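Text of query.txt (compact mmCIF, C-alpha atoms) as supplied:
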```txt
# COMPACT_ATOMS: atom_id res chain seq x y z
CA MET A 1 3.97 -1.72 5.05
CA ASN A 2 5.91 -0.60 2.00
CA GLY A 3 5.85 -4.09 0.54
CA ALA A 4 6.04 -5.58 -2.91
CA HIS A 5 2.25 -5.92 -2.81
CA ASP A 6 1.83 -2.13 -2.97
CA MET A 7 2.30 -1.90 -6.72
CA GLY A 8 0.03 0.91 -7.94
CA GLY A 9 2.00 2.90 -10.52
CA VAL A 10 5.06 0.62 -10.53
CA ALA A 11 6.49 0.08 -14.03
CA GLY A 12 8.07 -3.00 -15.54
CA PHE A 13 5.54 -5.79 -15.04
CA GLY A 14 4.64 -5.94 -18.71
CA PRO A 15 1.26 -6.21 -20.39
CA VAL A 16 -1.84 -7.77 -18.87
CA VAL A 17 -2.08 -11.36 -20.07
CA VAL A 18 -5.64 -12.66 -20.32
CA GLU A 19 -6.36 -16.37 -20.46
CA ALA A 20 -9.31 -17.12 -22.73
CA ASP A 21 -12.09 -19.19 -21.12
CA GLU A 22 -10.18 -19.26 -17.85
CA PRO A 23 -11.42 -21.89 -15.40
CA VAL A 24 -12.29 -20.90 -11.82
CA PHE A 25 -9.40 -23.06 -10.57
CA HIS A 26 -6.34 -24.33 -12.44
CA ALA A 27 -5.51 -27.28 -10.20
CA GLU A 28 -7.08 -29.29 -7.41
CA TRP A 29 -4.75 -27.79 -4.80
CA GLU A 30 -6.07 -24.31 -5.62
CA ARG A 31 -9.60 -25.51 -4.80
CA ARG A 32 -8.40 -26.85 -1.48
CA VAL A 33 -6.50 -23.67 -0.55
CA LEU A 34 -9.53 -21.47 -1.28
CA ALA A 35 -11.79 -23.73 0.77
CA ILE A 36 -9.35 -24.08 3.67
CA ASN A 37 -8.90 -20.32 3.73
CA VAL A 38 -12.65 -19.73 4.05
CA ALA A 39 -13.32 -22.56 6.52
CA ALA A 40 -10.28 -22.01 8.75
CA GLY A 41 -10.94 -18.26 8.74
CA ALA A 42 -14.49 -18.96 9.91
CA THR A 43 -13.11 -20.39 13.17
CA GLY A 44 -12.43 -16.80 14.20
CA ALA A 45 -8.83 -17.65 15.12
CA TRP A 46 -7.74 -14.72 12.94
CA ASN A 47 -9.38 -12.01 10.84
CA ILE A 48 -9.20 -10.97 7.19
CA ASP A 49 -6.80 -8.11 7.89
CA MET A 50 -4.38 -10.51 9.57
CA SER A 51 -4.69 -12.74 6.50
CA ARG A 52 -3.81 -9.86 4.20
CA PHE A 53 -0.85 -8.82 6.33
CA VAL A 54 0.76 -12.26 6.47
CA ARG A 55 0.44 -12.55 2.68
CA GLU A 56 1.94 -9.15 1.89
CA ASN A 57 4.61 -9.71 4.56
CA ARG A 58 6.21 -12.52 2.53
CA PRO A 59 9.72 -11.78 1.28
CA ALA A 60 9.39 -9.41 -1.69
CA ILE A 61 11.00 -11.71 -4.25
CA GLU A 62 8.79 -14.58 -3.11
CA TYR A 63 5.68 -12.39 -3.25
CA LEU A 64 6.38 -11.37 -6.84
CA THR A 65 7.24 -14.85 -8.13
CA THR A 66 4.73 -17.09 -6.35
CA PRO A 67 1.29 -18.04 -7.72
CA TYR A 68 -1.50 -16.30 -5.88
CA TYR A 69 -2.99 -19.31 -4.12
CA ALA A 70 0.49 -20.43 -3.07
CA ILE A 71 0.86 -17.08 -1.29
CA TRP A 72 -2.45 -17.80 0.41
CA LEU A 73 -1.08 -21.21 1.45
CA ALA A 74 2.06 -19.65 2.92
CA GLY A 75 -0.09 -17.14 4.78
CA LEU A 76 -2.30 -19.89 6.17
CA GLU A 77 0.72 -21.89 7.32
CA HIS A 78 1.93 -18.82 9.16
CA LEU A 79 -1.45 -18.07 10.77
CA VAL A 80 -2.21 -21.59 12.01
CA VAL A 81 1.09 -21.66 13.86
CA GLU A 82 0.92 -18.05 15.06
CA THR A 83 -2.56 -18.60 16.51
CA GLY A 84 -1.69 -22.00 17.99
CA LEU A 85 -4.13 -24.10 15.95
CA LEU A 86 -1.17 -26.22 14.84
CA THR A 87 2.45 -26.42 15.89
CA ALA A 88 5.30 -25.92 13.45
CA LEU A 89 6.32 -29.51 14.08
CA GLU A 90 2.83 -30.75 13.21
CA LEU A 91 2.94 -28.81 9.97
CA ALA A 92 6.40 -30.15 9.14
CA THR A 93 5.57 -33.77 9.92
CA GLY A 94 1.91 -33.83 8.89
CA GLU A 95 1.07 -35.59 12.16
CA ALA A 96 -1.20 -34.26 14.92
CA LEU A 97 0.99 -34.21 18.03
CA VAL A 98 -0.87 -32.08 20.59
CA PRO A 99 -4.56 -31.76 21.50
CA PRO A 100 -6.62 -29.22 19.51
CA LYS A 101 -7.01 -25.69 20.78
CA PRO A 102 -10.61 -24.53 21.42
CA VAL A 103 -11.96 -22.31 18.61
CA LYS A 104 -15.01 -20.03 18.56
CA GLN A 105 -16.82 -22.03 15.90
CA VAL A 106 -16.44 -24.71 13.29
CA LEU A 107 -18.25 -24.09 10.01
CA ALA A 108 -20.52 -27.06 9.28
CA ALA A 109 -21.25 -28.04 5.71
CA ALA A 110 -24.96 -27.41 6.24
CA ASP A 111 -24.21 -23.81 7.26
CA VAL A 112 -21.86 -22.87 4.42
CA GLU A 113 -24.45 -21.31 2.14
CA GLU A 114 -26.09 -19.21 4.85
CA ARG A 115 -22.73 -18.15 6.33
CA LEU A 116 -21.37 -16.99 2.99
CA LEU A 117 -24.60 -15.14 2.15
CA ARG A 118 -24.39 -13.33 5.49
CA GLY A 119 -20.71 -12.49 5.02
CA TRP A 120 -18.61 -10.53 7.42
CA PRO A 121 -19.81 -6.90 7.30
CA THR A 122 -17.33 -4.33 8.62
CA GLU A 123 -19.56 -1.32 9.36
CA ARG A 124 -19.78 -0.59 13.09
CA PRO A 125 -21.72 1.90 15.21
CA VAL A 126 -19.51 4.54 16.82
CA GLY A 127 -20.25 7.37 19.23
CA PHE A 128 -18.41 10.09 17.37
CA PRO A 129 -19.38 12.01 14.23
CA PRO A 130 -17.43 12.02 10.96
CA ARG A 131 -14.88 14.81 10.80
CA PHE A 132 -15.22 15.48 7.07
CA GLU A 133 -18.25 16.32 4.94
CA VAL A 134 -18.79 15.20 1.38
CA GLY A 135 -17.07 17.78 -0.82
CA ALA A 136 -14.42 18.65 1.77
CA ALA A 137 -10.86 19.21 0.61
CA VAL A 138 -8.52 16.77 2.34
CA ARG A 139 -4.96 15.57 2.11
CA THR A 140 -3.71 12.08 2.86
CA ARG A 141 -1.09 11.77 5.52
CA VAL A 142 2.47 10.79 4.81
CA ILE A 143 3.05 7.50 6.60
CA ALA A 144 5.34 4.52 6.10
CA PRO A 145 4.46 2.00 8.79
CA ALA A 146 6.23 -1.35 8.99
CA THR A 147 2.79 -2.71 9.88
CA HIS A 148 -0.37 -3.21 7.81
CA THR A 149 -2.01 -0.27 6.12
CA ARG A 150 -4.46 0.11 3.24
CA LEU A 151 -3.17 3.55 2.25
CA PRO A 152 -1.05 2.78 -0.82
CA ARG A 153 2.18 4.65 -1.46
CA TYR A 154 0.91 6.33 -4.61
CA ALA A 155 -1.72 8.20 -2.62
CA ARG A 156 0.22 9.41 0.41
CA GLY A 157 0.54 13.14 0.98
CA ARG A 158 -1.85 13.88 -1.90
CA PRO A 159 -4.75 16.34 -2.08
CA GLY A 160 -8.22 15.01 -2.76
CA THR A 161 -11.91 15.65 -2.29
CA VAL A 162 -14.31 13.64 -0.14
CA HIS A 163 -16.66 11.92 -2.60
CA ALA A 164 -18.72 9.81 -0.17
CA TRP A 165 -18.98 8.83 3.47
CA HIS A 166 -19.75 5.22 4.40
CA GLY A 167 -20.15 5.23 8.18
CA ALA A 168 -17.50 3.76 10.45
CA HIS A 169 -15.73 0.53 9.52
CA VAL A 170 -13.23 -1.81 11.11
CA PHE A 171 -9.78 -0.21 10.80
CA PRO A 172 -7.38 -2.67 9.14
CA ASP A 173 -4.24 -0.94 10.39
CA ALA A 174 -5.20 -1.89 13.97
CA HIS A 175 -7.23 -5.03 13.30
CA ALA A 176 -4.39 -6.76 11.41
CA HIS A 177 -2.24 -6.66 14.51
CA GLY A 178 -4.66 -7.75 17.22
CA HIS A 179 -5.50 -4.24 18.41
CA GLY A 180 -9.24 -4.76 18.09
CA GLU A 181 -11.62 -3.48 15.43
CA ALA A 182 -10.98 0.20 16.32
CA PRO A 183 -13.65 1.41 13.86
CA HIS A 184 -13.14 4.75 12.13
CA HIS A 185 -15.23 6.70 9.67
CA LEU A 186 -14.58 5.60 6.11
CA TYR A 187 -14.71 7.84 3.06
CA THR A 188 -14.24 7.52 -0.66
CA VAL A 189 -11.81 10.22 -1.70
CA ARG A 190 -11.44 11.41 -5.30
CA PHE A 191 -7.92 12.23 -6.42
CA GLU A 192 -7.39 14.03 -9.69
CA ALA A 193 -5.03 11.76 -11.61
CA LYS A 194 -2.68 14.69 -12.31
CA ASP A 195 -2.29 15.16 -8.55
CA LEU A 196 -1.03 11.59 -8.29
CA TRP A 197 1.05 11.27 -11.46
CA GLY A 198 1.48 14.69 -13.01
CA PRO A 199 0.86 14.67 -16.75
CA ASP A 200 1.96 11.05 -17.22
CA THR A 201 -1.39 9.34 -16.85
CA THR A 202 -4.37 8.36 -18.97
CA ALA A 203 -6.73 8.37 -15.99
CA ASP A 204 -9.00 11.28 -15.15
CA ALA A 205 -9.39 10.48 -11.47
CA VAL A 206 -8.63 7.72 -8.98
CA TYR A 207 -11.05 6.95 -6.16
CA LEU A 208 -9.67 5.41 -2.98
CA ASN A 209 -11.26 4.51 0.32
CA CYS A 210 -9.69 6.33 3.25
CA TRP A 211 -10.33 5.74 6.92
CA GLU A 212 -10.32 9.01 8.83
CA PRO A 213 -6.82 8.51 10.33
CA TYR A 214 -5.45 8.55 6.76
CA LEU A 215 -6.75 12.09 6.22
CA GLU A 216 -6.08 15.63 7.34
CA ALA A 217 -7.97 18.79 6.49
CA THR A 218 -6.44 21.23 4.05
CA SER A 219 -6.83 24.92 4.72
CA MET B 1 0.67 -14.02 -14.17
CA PRO B 2 1.55 -17.27 -15.94
CA HIS B 3 1.46 -20.43 -13.94
CA ASP B 4 4.58 -22.08 -12.71
CA ASP B 5 5.26 -25.76 -12.63
CA HIS B 6 3.17 -26.24 -9.49
CA ASP B 7 0.10 -25.98 -11.63
CA HIS B 8 0.61 -29.06 -13.75
CA ASP B 9 -1.86 -31.82 -13.39
CA HIS B 10 0.01 -34.92 -12.37
CA GLU B 11 -0.38 -38.34 -13.85
CA PRO B 12 -1.50 -41.04 -11.42
CA GLY B 13 1.46 -42.25 -9.41
CA SER B 14 3.65 -39.29 -10.21
CA ALA B 15 5.34 -37.30 -7.49
CA LEU B 16 3.27 -34.57 -5.91
CA SER B 17 4.69 -31.07 -5.94
CA ASP B 18 5.86 -29.36 -2.79
CA VAL B 19 2.79 -27.13 -2.82
CA GLU B 20 0.42 -30.06 -3.20
CA LEU B 21 2.08 -31.89 -0.30
CA ARG B 22 1.85 -28.82 1.91
CA VAL B 23 -1.83 -28.32 1.08
CA ARG B 24 -2.58 -31.96 1.88
CA ALA B 25 -0.74 -31.76 5.20
CA LEU B 26 -2.50 -28.55 6.20
CA GLU B 27 -5.95 -29.80 5.22
CA SER B 28 -5.58 -33.18 6.91
CA LEU B 29 -4.29 -31.64 10.14
CA LEU B 30 -7.07 -29.05 10.29
CA VAL B 31 -9.64 -31.79 9.71
CA GLU B 32 -8.05 -34.25 12.14
CA LYS B 33 -7.96 -31.65 14.91
CA GLY B 34 -11.58 -30.73 14.29
CA TYR B 35 -11.11 -27.13 13.12
CA VAL B 36 -12.68 -27.65 9.72
CA ASP B 37 -15.43 -29.94 8.48
CA PRO B 38 -14.24 -31.72 5.32
CA ALA B 39 -17.77 -31.61 3.90
CA ALA B 40 -17.76 -27.84 4.41
CA LEU B 41 -14.61 -27.61 2.29
CA ASP B 42 -16.38 -29.43 -0.51
CA ALA B 43 -19.44 -27.19 -0.13
CA ILE B 44 -17.26 -24.07 -0.38
CA VAL B 45 -15.57 -25.31 -3.55
CA GLU B 46 -18.92 -26.21 -5.08
CA THR B 47 -20.31 -22.79 -4.21
CA TYR B 48 -17.56 -20.86 -5.96
CA GLU B 49 -17.15 -23.26 -8.85
CA THR B 50 -20.80 -23.71 -9.76
CA LYS B 51 -23.13 -21.29 -7.95
CA ILE B 52 -21.44 -17.91 -7.71
CA GLY B 53 -20.02 -16.24 -10.80
CA PRO B 54 -20.46 -13.45 -13.34
CA ARG B 55 -23.92 -14.72 -14.28
CA ASN B 56 -25.07 -13.17 -11.00
CA GLY B 57 -23.68 -9.77 -11.91
CA ALA B 58 -25.14 -10.06 -15.40
CA ARG B 59 -28.60 -10.45 -13.88
CA VAL B 60 -28.06 -7.29 -11.81
CA VAL B 61 -26.95 -5.30 -14.84
CA ALA B 62 -29.73 -6.62 -17.09
CA LYS B 63 -32.34 -5.72 -14.50
CA ALA B 64 -30.91 -2.22 -14.16
CA TRP B 65 -31.09 -1.81 -17.95
CA ALA B 66 -34.67 -3.03 -18.12
CA ASP B 67 -36.10 -1.48 -14.96
CA PRO B 68 -35.42 2.24 -14.32
CA ALA B 69 -36.66 2.04 -10.73
CA TYR B 70 -34.25 -0.82 -10.03
CA ARG B 71 -31.39 1.16 -11.58
CA GLU B 72 -32.17 4.03 -9.21
CA ARG B 73 -32.15 1.69 -6.20
CA LEU B 74 -28.94 0.06 -7.41
CA LEU B 75 -27.08 3.35 -7.70
CA ALA B 76 -28.45 4.61 -4.37
CA ASP B 77 -27.87 1.45 -2.27
CA ALA B 78 -26.19 -1.28 -4.25
CA THR B 79 -25.91 -3.73 -1.36
CA ALA B 80 -29.67 -3.75 -0.80
CA ALA B 81 -30.57 -3.73 -4.50
CA ILE B 82 -28.24 -6.66 -5.24
CA ALA B 83 -29.63 -8.55 -2.25
CA GLU B 84 -33.10 -8.25 -3.84
CA LEU B 85 -31.83 -10.80 -6.38
CA GLY B 86 -30.46 -13.08 -3.66
CA PHE B 87 -26.79 -12.13 -3.98
CA SER B 88 -24.97 -11.01 -0.85
CA GLY B 89 -22.28 -11.79 1.65
CA ARG B 90 -18.62 -12.67 1.63
CA GLY B 91 -16.58 -10.32 -0.48
CA GLY B 92 -19.59 -8.15 -1.24
CA GLU B 93 -20.83 -7.09 2.18
CA HIS B 94 -20.75 -3.41 1.15
CA MET B 95 -21.39 -2.88 -2.55
CA ILE B 96 -21.05 0.24 -4.71
CA VAL B 97 -22.21 0.39 -8.34
CA VAL B 98 -20.58 2.92 -10.66
CA GLU B 99 -22.32 3.76 -13.92
CA ASN B 100 -20.68 4.23 -17.30
CA THR B 101 -21.98 7.06 -19.49
CA PRO B 102 -20.98 8.43 -22.89
CA GLU B 103 -18.63 10.78 -21.00
CA VAL B 104 -17.29 8.59 -18.17
CA HIS B 105 -15.86 5.06 -18.11
CA ASN B 106 -15.18 3.29 -14.82
CA LEU B 107 -12.48 0.70 -14.11
CA ILE B 108 -12.13 -1.44 -10.97
CA VAL B 109 -8.82 -2.62 -9.51
CA CYS B 110 -7.32 -3.66 -6.20
CA THR B 111 -3.73 -2.41 -6.24
CA LEU B 112 -2.87 -3.89 -2.83
CA CYS B 113 -4.22 -7.44 -3.20
CA SER B 114 -7.19 -8.94 -5.03
CA CYS B 115 -10.40 -7.42 -3.60
CA TYR B 116 -13.24 -8.24 -5.98
CA PRO B 117 -17.05 -8.42 -5.67
CA TRP B 118 -17.39 -12.16 -5.06
CA PRO B 119 -21.21 -12.46 -4.77
CA VAL B 120 -21.77 -10.92 -8.20
CA LEU B 121 -18.63 -11.89 -10.14
CA GLY B 122 -17.31 -14.96 -8.34
CA LEU B 123 -13.59 -15.43 -7.75
CA PRO B 124 -11.28 -13.09 -9.66
CA PRO B 125 -9.44 -14.23 -12.79
CA VAL B 126 -5.65 -14.56 -12.61
CA TRP B 127 -5.04 -11.36 -14.56
CA TYR B 128 -7.04 -9.31 -12.03
CA LYS B 129 -4.68 -10.51 -9.27
CA SER B 130 -1.56 -10.07 -11.37
CA ALA B 131 1.13 -7.41 -11.06
CA PRO B 132 0.68 -6.02 -14.61
CA TYR B 133 -2.98 -5.18 -13.96
CA ARG B 134 -2.62 -4.00 -10.37
CA SER B 135 0.35 -1.76 -11.18
CA ARG B 136 -0.93 -0.08 -14.34
CA ALA B 137 -4.68 0.30 -13.87
CA VAL B 138 -4.33 3.37 -11.64
CA ILE B 139 -1.82 5.24 -13.81
CA ASP B 140 -2.50 4.09 -17.38
CA PRO B 141 -6.01 2.69 -17.69
CA ARG B 142 -6.06 3.33 -21.45
CA GLY B 143 -2.95 1.22 -21.82
CA VAL B 144 -4.58 -1.54 -19.80
CA LEU B 145 -7.73 -1.32 -21.91
CA ALA B 146 -5.56 -1.66 -25.03
CA ASP B 147 -4.28 -4.97 -23.62
CA PHE B 148 -7.93 -6.07 -23.62
CA GLY B 149 -8.46 -4.80 -27.15
CA VAL B 150 -10.68 -1.96 -25.97
CA THR B 151 -10.30 1.59 -27.30
CA LEU B 152 -12.51 4.34 -25.93
CA PRO B 153 -13.16 7.66 -27.69
CA ALA B 154 -10.47 10.20 -26.79
CA GLY B 155 -12.84 12.45 -24.90
CA VAL B 156 -14.07 9.80 -22.48
CA LYS B 157 -12.83 10.36 -18.94
CA ILE B 158 -11.65 7.27 -17.09
CA ARG B 159 -12.30 6.93 -13.38
CA VAL B 160 -10.36 4.20 -11.60
CA TRP B 161 -11.73 2.75 -8.36
CA ASP B 162 -9.07 1.16 -6.13
CA SER B 163 -10.81 -1.44 -3.93
CA ASN B 164 -8.66 -0.98 -0.85
CA SER B 165 -11.41 -1.46 1.77
CA GLU B 166 -14.31 -3.89 2.24
CA LEU B 167 -16.37 -1.74 -0.13
CA ARG B 168 -16.59 -3.62 -3.42
CA TYR B 169 -17.43 -2.20 -6.81
CA LEU B 170 -19.45 -3.31 -9.82
CA VAL B 171 -19.50 -1.36 -13.07
CA LEU B 172 -22.89 -0.75 -14.66
CA PRO B 173 -21.99 -0.64 -18.36
CA MET B 174 -24.03 1.21 -20.96
CA ARG B 175 -26.89 -0.71 -22.51
CA PRO B 176 -25.99 -1.57 -26.09
CA ALA B 177 -27.94 0.10 -28.86
CA GLY B 178 -30.31 -2.13 -30.78
CA THR B 179 -31.70 -3.90 -27.71
CA GLU B 180 -35.00 -2.03 -27.46
CA GLY B 181 -37.73 -4.28 -26.18
CA TRP B 182 -35.38 -7.03 -25.00
CA ASP B 183 -36.30 -8.72 -21.73
CA GLU B 184 -33.88 -9.19 -18.83
CA ASP B 185 -32.90 -12.74 -19.73
CA ARG B 186 -31.95 -11.74 -23.23
CA LEU B 187 -30.16 -8.58 -22.08
CA ALA B 188 -28.13 -10.64 -19.59
CA THR B 189 -26.58 -12.59 -22.47
CA LEU B 190 -24.78 -9.40 -23.53
CA VAL B 191 -23.24 -8.69 -20.13
CA THR B 192 -19.66 -9.94 -20.02
CA ARG B 193 -17.63 -10.31 -16.85
CA ASP B 194 -15.09 -7.79 -18.07
CA SER B 195 -17.81 -5.22 -18.81
CA MET B 196 -18.64 -5.28 -15.09
CA ILE B 197 -14.98 -4.69 -14.13
CA GLY B 198 -14.49 -2.02 -16.77
CA THR B 199 -11.88 -3.87 -18.82
CA GLY B 200 -14.45 -4.70 -21.46
CA LEU B 201 -17.72 -3.61 -23.00
CA PRO B 202 -20.98 -5.53 -23.35
CA SER B 203 -21.34 -7.75 -26.38
CA ALA B 204 -23.01 -6.27 -29.43
CA PRO B 205 -26.56 -7.58 -29.91
CA GLY B 206 -25.75 -9.27 -33.20
CA LYS B 207 -23.06 -11.38 -31.53
CA ALA B 208 -25.08 -12.69 -28.61
CA PRO B 209 -27.29 -15.77 -28.64
CA ALA B 210 -30.93 -14.90 -29.20
```
Before anything else, please render the file you have as structure tokens.
Amino acid sequence: MNGAHDMGGVAGFGPVVVEADEPVFHAEWERRVLAINVAAGATGAWNIDMSRFVRENRPAIEYLTTPYYAIWLAGLEHLVVETGLLTALELATGEALVPPKPVKQVLAAADVEERLLRGWPTERPVGFPPRFEVGAAVRTRVIAPATHTRLPRYARGRPGTVHAWHGAHVFPDAHAHGHGEAPHHLYTVRFEAKDLWGPDTTADAVYLNCWEPYLEATS
Amino acid sequence: MPHDDHDHDHEPGSALSDVELRVRALESLLVEKGYVDPAALDAIVETYETKIGPRNGARVVAKAWADPAYRERLLADATAAIAELGFSGRGGEHMIVVENTPEVHNLIVCTLCSCYPWPVLGLPPVWYKSAPYRSRAVIDPRGVLADFGVTLPAGVKIRVWDSNSELRYLVLPMRPAGTEGWDEDRLATLVTRDSMIGTGLPSAPGKAPA
């Protein structure tokens, strides 16, 4: 979606402000949100692409003015209701009112270390070959879906060169909306910075990961 | 991004903020209905607050500086080479290492959200997730580096890596001069977090603890 989250190249946000000796968390509630996000996500009730979509799908003004972990909280509140883990009334009252819904798994404390070390890899076997070879000239498609995509606006309709191929990976544009993993071949594409910004850049090149549906061949 | 008033620590007995109340309600409901184990929540916090952080990445970089064969493995298959040191998993399932040279400097960003190599750097700092960094890194990396007090020679080409998939990046900075003969532990003291994102450079040997 063309949301406020898609901010590559947008002017007006001011300088980067670095906090010296920044702590991992700034408040106890941030610790809890991070932990709830990991543990509730491990139930399998939703996936990481759904999490990203509900965060970026916040109203634009809210997205730009809300602390990061508070956006995560709002996303979690949306997902637990959308997936039926909690009802909106339960969330509003803080009281459990209906029996729990079965979930695929509950992450036990004893399993946290092993589960995090294993992670959630996204590469998948597929029965079709990659369409593009390393070195191929490609162009990104021009799209503007109202749904989730990981092709940012600054890189749509732009020429680039395939820098690397990474096998097939879960396709966020489908996965975020319950359409299965729909794996597609994933590439790193090199864009000359002048092809993205003209002369007004201090970058030499920008590298972006593109699933095959983001790309077309250039002749 | 600066913090808003939700981030204040409250005195005992003071009113809790709206955000704090919502977090408490969500956590207690998820625990009460059996979806999350409260001890698992504590274990997750402990993991990211005390076990996983930039020290992990510093060990990777120091080993690559000290061991040419490891550097080769790291650049060829970063996920496997990093796993040799025991670092793997969430937020770093598929790792790529990009190497700085006298001619090329690499900078990592996630313009769309906050993707960051958790197993080697821990959770991202606020600035990495902030609009100023995410918006400018891809168009004006030299301007961003100036915000960090870093100036590169004019001829150095800057490559920006936008972490928009589950592939996560770590920068392998250049080994500082004057560190000949140093072992990995000592080299690791020079490796700053920002030098592994590309917004900084390693510490100079004279400034690091011996």
Give me, as a PyMOL selection string, all polymer residues having an atom no more than 9 Å from stretch 82-99 of chain A, counting all atoms listed in the file and skipping those fewer than 5 positions away in the same chain. (chain A and resi 45-46+77) or (chain B and resi 22+24-26+28-30+32-33+35)
Excluding B:Leu187 and residues on its chain fewer than 3 positions from it, collect all residues at most 6 Å away from it, counting all atoms listed in the file, and give them as a ChimeraX atom specification. /B:62,184,190
Output the selection as an mmCIF file, in the frame of the given file - C-alpha atoms for each residue.
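Writing done, so here's result12.cif:
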```
data_model
loop_
_atom_site.group_PDB
_atom_site.id
_atom_site.type_symbol
_atom_site.label_atom_id
_atom_site.label_comp_id
_atom_site.auth_asym_id
_atom_site.auth_seq_id
_atom_site.Cartn_x
_atom_site.Cartn_y
_atom_site.Cartn_z
ATOM 1 C CA ALA B 62 -29.730 -6.620 -17.090
ATOM 2 C CA GLU B 184 -33.880 -9.190 -18.830
ATOM 3 C CA LEU B 190 -24.780 -9.400 -23.530
#
```
Which one of B:Met196, B:Ser130, B:Phe148, B:Pro141 sits closest to A:Thr65 if you count all atoms listed in the file? B:Ser130
Distance in Å - atom CA of A:Gly3 versus atom CA of A:Arg58: 8.7 Å
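Polymer residues near (-30.1, -1.7, -11.4): counting only C-alpha atoms with a cut-off of 9 Å, they are Val60, Val61, Ala62, Lys63, Ala64, Trp65, Ala66, Asp67, Pro68, Ala69, Tyr70, Arg71, Glu72, Arg73, Leu74, Leu75, Ala78, Ala81, Ile82, Val97 and Leu172 of chain B.
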Within 10 Å of A:Arg52, counting all atoms listed in the file, which residues show up once you throw out same-chain ones fewer than 5 positions away? Write them as JSON, numbers by chain, please. {"A": [47, 57, 72, 75, 148, 149, 172, 176], "B": [112, 113, 114]}
Please dump the current selection as a PDB file, in the coordinates of the input; keep C-alpha atoms.
```pdb
ATOM      1  CA  ASN A  47      -9.380 -12.010  10.840  1.00  0.00           C
ATOM      2  CA  ASN A  57       4.610  -9.710   4.560  1.00  0.00           C
ATOM      3  CA  TRP A  72      -2.450 -17.800   0.410  1.00  0.00           C
ATOM      4  CA  GLY A  75      -0.090 -17.140   4.780  1.00  0.00           C
ATOM      5  CA  HIS A 148      -0.370  -3.210   7.810  1.00  0.00           C
ATOM      6  CA  THR A 149      -2.010  -0.270   6.120  1.00  0.00           C
ATOM      7  CA  PRO A 172      -7.380  -2.670   9.140  1.00  0.00           C
ATOM      8  CA  ALA A 176      -4.390  -6.760  11.410  1.00  0.00           C
TER       9      ALA A 176
ATOM     10  CA  LEU B 112      -2.870  -3.890  -2.830  1.00  0.00           C
ATOM     11  CA  CYS B 113      -4.220  -7.440  -3.200  1.00  0.00           C
ATOM     12  CA  SER B 114      -7.190  -8.940  -5.030  1.00  0.00           C
TER      13      SER B 114
END
```
Could you list, as a tab-separated table (two decimals) with C-alpha atoms, keeping the file's coordinate frame, every residue of chain B that has an atom within 6 Å of an atom of chain A, counting all atoms listed in the file?
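Output contents, as saved in iface-v3.tsv:
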```tsv
chain	number	residue	atom	x	y	z
B	7	ASP	CA	0.10	-25.98	-11.63
B	20	GLU	CA	0.42	-30.06	-3.20
B	25	ALA	CA	-0.74	-31.76	5.20
B	33	LYS	CA	-7.96	-31.65	14.91
B	35	TYR	CA	-11.11	-27.13	13.12
B	36	VAL	CA	-12.68	-27.65	9.72
B	37	ASP	CA	-15.43	-29.94	8.48
B	39	ALA	CA	-17.77	-31.61	3.90
B	40	ALA	CA	-17.76	-27.84	4.41
B	41	LEU	CA	-14.61	-27.61	2.29
B	44	ILE	CA	-17.26	-24.07	-0.38
B	45	VAL	CA	-15.57	-25.31	-3.55
B	88	SER	CA	-24.97	-11.01	-0.85
B	89	GLY	CA	-22.28	-11.79	1.65
B	90	ARG	CA	-18.62	-12.67	1.63
B	93	GLU	CA	-20.83	-7.09	2.18
B	111	THR	CA	-3.73	-2.41	-6.24
B	112	LEU	CA	-2.87	-3.89	-2.83
B	127	TRP	CA	-5.04	-11.36	-14.56
B	132	PRO	CA	0.68	-6.02	-14.61
B	133	TYR	CA	-2.98	-5.18	-13.96
B	135	SER	CA	0.35	-1.76	-11.18
B	136	ARG	CA	-0.93	-0.08	-14.34
B	139	ILE	CA	-1.82	5.24	-13.81
B	140	ASP	CA	-2.50	4.09	-17.38
B	141	PRO	CA	-6.01	2.69	-17.69
B	142	ARG	CA	-6.06	3.33	-21.45
B	157	LYS	CA	-12.83	10.36	-18.94
B	158	ILE	CA	-11.65	7.27	-17.09
B	159	ARG	CA	-12.30	6.93	-13.38
B	160	VAL	CA	-10.36	4.20	-11.60
B	161	TRP	CA	-11.73	2.75	-8.36
B	162	ASP	CA	-9.07	1.16	-6.13
B	164	ASN	CA	-8.66	-0.98	-0.85
```
May I ask for the distance between atom CA of A:Met1 and atom CA of B:Val126, given in Å to one decimal place?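 A separation of 23.9 Å between them.
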Nearest-residue call for A:Ala20, choices B:Met174, B:Ala15, B:Pro125, B:Val23, using all atoms listed in the file: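 Checking each candidate against A:Ala20, we get B:Pro125 as the closest.
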Which residue, B:Pro153, B:Gly57, B:Gly200, B:Pro176, has the smallest gap to B:Met95 when you use all atoms listed in the file?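 For B:Met95, the nearest of the candidates is B:Gly57.
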Around stretch 114-121 of chain B, fit a box with edges along x, y and z, padding it by 8 Å on each side, then list its centre and edge lengths in Å to one decimal as JSON.
```
{"center_x": -14.5, "center_y": -9.9, "center_z": -6.9, "size_x": 30.6, "size_y": 21.0, "size_z": 22.5}
```
Coordinates-based distance that separates atom CA of A:Gly135 from atom CA of B:Val138 (Å, one decimal):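 We find that atom CA of B:Val138 and atom CA of A:Gly135 lie 22.1 Å from each other.
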Using only C-alpha atoms, the residue out of B:Arg186, B:His105, B:His94, B:Arg59 with shortest distance to B:Thr199 is B:His105
Hey, which of B:Ala137, B:Cys115, B:Ala131, B:Ile108 ends up closest to B:Ile197? Count only C-alpha atoms. B:Ile108
